[in-house]
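Notes follow the structure.
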There are 2 protein chains.
Amino acid sequence: MTVPTVGMTIDQIETPALIVDLDAFEDNLDSMRQIIQASGVRLRAHAKTHKSVDVAREQIARGGACGICVQKTGEAEAMIAGGITDVMISNQVTAPSKIARLASLTDKARLFVCVDDADNIAALSAAMRGRAHDLGVLVEINVGNGRCGVEPGGAALRLAQQIKAADGLVFSGLQAYQGNAQHIRDHEMRAAEVARVVQATAETVRVLENAGLPCSIVAGAGTGTFPLEADSGVYNEVQCGSYIFMDADYKRVRDANDDPLAFRNALYVLTSIMSVAGQGRAVCDAGHKAASIDSGLPIIQDRPDLNYREASDEHGVIDDPEDSLTLNQRLWLIPGHCDPTVNLHDTMIAVRAGQVEAIWPVSARGMGT
Amino acid sequence: MTVPTVGMTIDQIETPALIVDLDAFEDNLDSMRQIIQASGVRLRAHAKTHKSVDVAREQIARGGACGICVQKTGEAEAMIAGGITDVMISNQVTAPSKIARLASLTDKARLFVCVDDADNIAALSAAMRGRAHDLGVLVEINVGNGRCGVEPGGAALRLAQQIKAADGLVFSGLQAYQGNAQHIRDHEMRAAEVARVVQATAETVRVLENAGLPCSIVAGAGTGTFPLEADSGVYNEVQCGSYIFMDADYKRVRDANDDPLAFRNALYVLTSIMSVAGQGRAVCDAGHKAASIDSGLPIIQDRPDLNYREASDEHGVIDDPEDSLTLNQRLWLIPGHCDPTVNLHDTMIAVRAGQVEAIWPVSARGMGT
């Protein structure tokens with residue numbers, strides 16, 4: 001392949017390629033910093049979106065983030081190797097070999113992890129015994145996501161008490177994320193769902209406080225809901241990830257509401273037309289291996305006359321009723337879902353004013369363990 | 001991460017991990033070799049499924065393949081760098097920089113490409129001028145896939161005549177692949193669709209022959225239909241890819257019919273349970289970034305009591321009505337679609353009798369250009 005390099009024009013980039021529009025990206029960093037500064041809560045930006053040390057550094061340096069979240073021990077290793085020093089794994093780490101890796105990372109960074117199981121707390125404590133720095137541990141509660149997490153209330157209290165009593169662990173608070181709320185199209189329904197989440201979280205915070213276990217961190221929220229959690233008086237850390245890039249699904253949330261999210265689409269899959277042999281259709285070179293479809297097909301930027309109709313592994317079939325597209329013509333696709341799309345690519349190509357300004361390795365690509 | 005190594009037990013592999021069951025894989029190689037030897041057609045195995053030089057070598061050495069197909073110039077480069085010397089790009093290569101790369105590969109391997117456009121033929125010929133070896137060119141016809149390819153008949157003839165007259169190119173035949181037919185559940189409906197495809201292809205072959213343009217290659221077919229094309233008397237190369245691994249969708253095709261495909265599931269995503277905090281549900285550590293869902297969610301091997309209900313980026317939610325699963329318990333997932341699942345992973349871990357026997361890099365992972 002022809003490796004993209006700084007200074008190349010966009011026309012010289014081979015496709016399909018993952019592109020970051022730097023102006024939009026920096027606007028997103030600045031918008032979020034302003035919102036967060038006005039809110040009084042902390043932003044712990046979610047690095048699962050980008051898996052990139054370069055992006056994480058910008059989120060902290062320019063974007064006002066206090067640190068980052070990741071989902072996997074391998075992501076934490078990649079971020080800490082890149083110089084990020086405040087990392088929360090917003091997820092469970094339960095396998096013995098991963099717990100050992102996690103424990104060793106406490107030598108290099110301030111580290112937090114989430115738990116929802118008593119045996120897991122015991123295993124974490126055993127691995128931390130004799131280490132120089134403690135591991136911060138949050139109890140994850142299930143506030144409607146139906147995934148990990150104990151139920152709010154008494155079950156969370158029992159785990160928090162166990163953490164407090166455990167060697168090498170510090171009870172740091174609650175993880176209370178409702179992912180399903182992020183993409184609810186209707187703003188009022190979304191707000192109602194978050195109100196329910198906030199209430200369950202607030203009750204659990206009270207139960208813990210009454211038992212002498214104050215929460216230094218009450219964490220959750222994503223790009224679709226974070227102003228609501230930030231205003232709740234209960235949460236003090238929000239974990240937005242998608243805000244830096246956005247995607248087609250968040251575009252649909254934004255377009256469905258009068259309260260536009262402040263963020264711009266900054267992530268694209270640049271694609272080229274490779275076949276115009278059909279009547280009323282053209283075929284581009286970006287399919288499942290270039291853009292994830294778990295939240296729907298890509299949208300074609302600035303071309304409402306076209307429709308990305310169907311993806312196969314390496315092709316996208318585009319409805320082009322006017323047969324307007326020509327061979328090798330380029331289109332900018334807004335992927336359906338940013339996080340798993342980034343994970344398909346080894347690099348992000350950051351562009352401005354028609355030129356490549358930076359190449360960002362997707363540092364933790366494929367690091368799922 | 002803990003890097004998997006040869007000799008490790010399966011229990012020592014960190015999850016999620018992409019696993020190849022070597023016994024099943026070798027059975028699939030052998031089954032295909034026997035079918036192909038009896039059929040009188042050639043197998044040109046599709047490497048887009050695995051993107052692995054190691055697997056391609058086995059398909060040729062043990063599995064009776066005459067060479068391989070790929071979809072992308074970058075895949076061809078990776079395969080040829082790994083010593084594969086007979087490669088067809090079963091797809092269009094139209095960008096000028098990619099055409100230049102393609103032309104230079106003719107120094108190192110017998111190379112074929114597909115076309116559906118007159119300008120593309122002219123550009124390929126210009127790039128091949130003065131080179132030592134010709135480029136084999138097939139005309140792709142649209143036999144119902146509705147993707148690339150000109151219509152069968154006269155349009156194909158005009159392109160074939162242009163190829164024959166072009167410097168540096170050799171007219172090699174027809175590419176006639178109907179991907180949509182592969183996964184038709186009902187065997188009779190599948191056979192009827194292939195009969196239609198074969199008829200359109202046969203007519204085009206006749207039109208070309210009558211014009212003095214015999215097809216040395218008539219290519220197409222996949223794992224779901226290839227016995228039909230092989231028996232047609234029209235096709236002489238089949239391009240099966242999935243047969244070495246199979247997946248959940250091909251399992252559904254196989255299970256829906258009395259004529260079971262001869263191939264075994266050989267590809268798994270090994271996953272671990274990371275949360276049992278919910279009643280009636282457990283959560284595993286393999287989501288969208290470990291298994292592609294474009295052809296449906298994974299199936300859990302040998303556990304009909306469980307259901308992989310929902311994927312998010314790094315989680316799979318499993319219905320476990322009896323609460324039978326325990327923390328860190330392992331499950332073998334059959335991914336929905338093998339090709340894009342392999343493309344998520346940097347390596348395949350080949351196992352036999354409980355141990356790691358080989359580590360296969362996914363040599364062309366992410367090489368979409």
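In the structure tokens, chains take letters A, B, ... by order of appearance, with residues numbered from 1 within each chain and ligands from 1 in the order shown.
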
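Proximity to Gln329 of chain B at 10 Å, evaluated using only C-alpha atoms and with sequence-adjacent residues fewer than 5 positions away removed, yields A:Ala95, B:Thr271, B:Ser272, B:Ile273, B:Met274, B:Cys284.
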
Handout entry: Residues near segment 107-111 of chain A, cut-off 12 Å, only C-alpha atoms, skip fewer than 3 positions along chain, as a ChimeraX atom specification
Key = /A:66-70,73,76-90,101-104,114,128,130-138,169-170,172

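Picture a line from atom CA of Asn142 of chain A to atom CA of Leu228 of chain A; it runs 18.1 Å.
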
Problem - 9 Å contact set for Leu159 of chain B, only C-alpha atoms, chain neighbours under 5 positions out, as an NGL selection string - result: :B and (115-118 or 121 or 139 or 154 or 164)

Report as a PDB file with C-alpha atoms, in the first residue's frame: the residues of segment 12-248 of chain B with a DSSP assignment of strand (DSSP E), based on the backbone of this structure.
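Output (result-v9.pdb):
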ATOM      1  CA  ALA B  17      -9.142 -14.660  20.965  1.00  0.00           C
ATOM      2  CA  LEU B  18      -9.629 -15.944  17.444  1.00  0.00           C
ATOM      3  CA  ILE B  19      -9.110 -19.702  17.419  1.00  0.00           C
ATOM      4  CA  VAL B  20      -8.771 -22.184  14.566  1.00  0.00           C
ATOM      5  CA  ASP B  21      -9.597 -25.819  15.358  1.00  0.00           C
ATOM      6  CA  ARG B  42     -10.042 -25.747 -10.410  1.00  0.00           C
ATOM      7  CA  LEU B  43     -10.318 -24.251  -6.941  1.00  0.00           C
ATOM      8  CA  ARG B  44      -8.946 -20.744  -6.610  1.00  0.00           C
ATOM      9  CA  ALA B  45      -9.454 -20.289  -2.875  1.00  0.00           C
ATOM     10  CA  HIS B  46     -10.598 -16.867  -1.713  1.00  0.00           C
ATOM     11  CA  GLY B  67      -3.913 -20.320  -6.500  1.00  0.00           C
ATOM     12  CA  ILE B  68      -5.862 -17.733  -4.597  1.00  0.00           C
ATOM     13  CA  CYS B  69      -8.260 -14.848  -5.045  1.00  0.00           C
ATOM     14  CA  VAL B  70      -8.118 -11.582  -3.145  1.00  0.00           C
ATOM     15  CA  ASP B  86      -0.828 -17.237  -8.654  1.00  0.00           C
ATOM     16  CA  VAL B  87      -3.228 -14.510  -7.572  1.00  0.00           C
ATOM     17  CA  MET B  88      -6.497 -13.167  -8.955  1.00  0.00           C
ATOM     18  CA  ILE B  89      -7.939  -9.904  -7.721  1.00  0.00           C
ATOM     19  CA  ARG B 110       0.999 -14.620 -12.246  1.00  0.00           C
ATOM     20  CA  LEU B 111      -1.661 -11.986 -11.759  1.00  0.00           C
ATOM     21  CA  PHE B 112      -5.271 -11.479 -12.841  1.00  0.00           C
ATOM     22  CA  VAL B 113      -7.708  -8.648 -12.309  1.00  0.00           C
ATOM     23  CA  CYS B 114     -11.369  -8.031 -13.162  1.00  0.00           C
ATOM     24  CA  VAL B 115     -12.816  -5.096 -15.097  1.00  0.00           C
ATOM     25  CA  LEU B 135      -1.632  -8.949 -16.799  1.00  0.00           C
ATOM     26  CA  GLY B 136      -4.538 -11.384 -17.103  1.00  0.00           C
ATOM     27  CA  VAL B 137      -7.856  -9.560 -17.299  1.00  0.00           C
ATOM     28  CA  LEU B 138     -11.347 -10.981 -16.792  1.00  0.00           C
ATOM     29  CA  VAL B 139     -14.549  -9.201 -17.642  1.00  0.00           C
ATOM     30  CA  GLU B 140     -16.875  -9.169 -14.649  1.00  0.00           C
ATOM     31  CA  LEU B 169      -3.159  -7.270 -21.167  1.00  0.00           C
ATOM     32  CA  VAL B 170      -4.396 -10.777 -21.901  1.00  0.00           C
ATOM     33  CA  PHE B 171      -8.096 -11.521 -22.117  1.00  0.00           C
ATOM     34  CA  SER B 172      -8.490 -14.359 -19.608  1.00  0.00           C
ATOM     35  CA  GLY B 173     -12.221 -14.893 -19.366  1.00  0.00           C
ATOM     36  CA  LEU B 174     -15.248 -14.069 -17.236  1.00  0.00           C
ATOM     37  CA  GLN B 175     -15.829 -13.354 -13.574  1.00  0.00           C
ATOM     38  CA  ILE B 217     -11.164 -18.914 -17.104  1.00  0.00           C
ATOM     39  CA  VAL B 218     -14.856 -18.839 -16.246  1.00  0.00           C
ATOM     40  CA  ALA B 219     -14.859 -18.047 -12.552  1.00  0.00           C
ATOM     41  CA  GLY B 220     -17.235 -17.504  -9.668  1.00  0.00           C
ATOM     42  CA  GLU B 237     -12.731 -22.116 -11.555  1.00  0.00           C
ATOM     43  CA  VAL B 238     -14.562 -21.834  -8.246  1.00  0.00           C
TER      44      VAL B 238
END

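Distance check against chain A using only C-alpha atoms: of B:Glu203, B:Asp30, B:Glu58, B:Glu75, the minimum falls on B:Glu75.
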
Exercise for the section: Pick out the chain A residues within 8 Å of chain B. Count only C-alpha atoms. Give them as number ranges by chain. Expected result: A: 1-2, 14-16, 71, 73-74, 77, 92-95, 97-98, 101, 116-117, 146-150, 274-278, 282-283, 288-290, 293-294, 313-315, 317, 327-328, 339-340, 343-346, 366-369

Handout entry: Distance query segment 6-10 of chain A at most 8 Å, only C-alpha atoms, self and fewer than 2 positions along chain excluded, as a PyMOL selection string
Key = chain A and resi 4+12-13+351+354-359

Those same residues, written as a short mmCIF file (atom, residue, chain, number, x, y, z; two decimals), in the first residue's frame with N, CA and C atoms?
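The resulting file, part_26.cif, is reproduced below:
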data_model
loop_
_atom_site.label_atom_id
_atom_site.label_comp_id
_atom_site.auth_asym_id
_atom_site.auth_seq_id
_atom_site.Cartn_x
_atom_site.Cartn_y
_atom_site.Cartn_z
N PRO A 4 0.24 6.75 3.88
CA PRO A 4 -0.04 8.18 3.95
C PRO A 4 1.03 8.90 4.77
N GLN A 12 -4.24 12.49 -2.59
CA GLN A 12 -3.20 11.46 -2.70
C GLN A 12 -3.40 10.30 -1.74
N ILE A 13 -4.35 10.42 -0.83
CA ILE A 13 -4.60 9.35 0.13
C ILE A 13 -5.32 8.21 -0.58
N VAL A 351 -6.58 15.63 8.82
CA VAL A 351 -6.43 16.55 7.68
C VAL A 351 -6.97 17.94 8.02
N GLY A 354 -7.23 20.56 3.11
CA GLY A 354 -6.87 19.74 1.96
C GLY A 354 -5.59 18.94 2.09
N GLN A 355 -4.95 19.05 3.25
CA GLN A 355 -3.67 18.35 3.43
C GLN A 355 -3.65 17.47 4.67
N VAL A 356 -2.77 16.49 4.63
CA VAL A 356 -2.55 15.64 5.80
C VAL A 356 -1.66 16.39 6.78
N GLU A 357 -2.17 16.58 8.00
CA GLU A 357 -1.41 17.32 9.01
C GLU A 357 -0.79 16.37 10.04
N ALA A 358 -1.41 15.22 10.25
CA ALA A 358 -0.86 14.26 11.22
C ALA A 358 -1.37 12.86 10.88
N ILE A 359 -0.58 11.87 11.27
CA ILE A 359 -1.00 10.47 11.18
C ILE A 359 -1.05 9.95 12.61
#

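For the pair atom CA of Tyr250 of chain A and atom CA of Asp11 of chain A, the interatomic distance is 27.8 Å.
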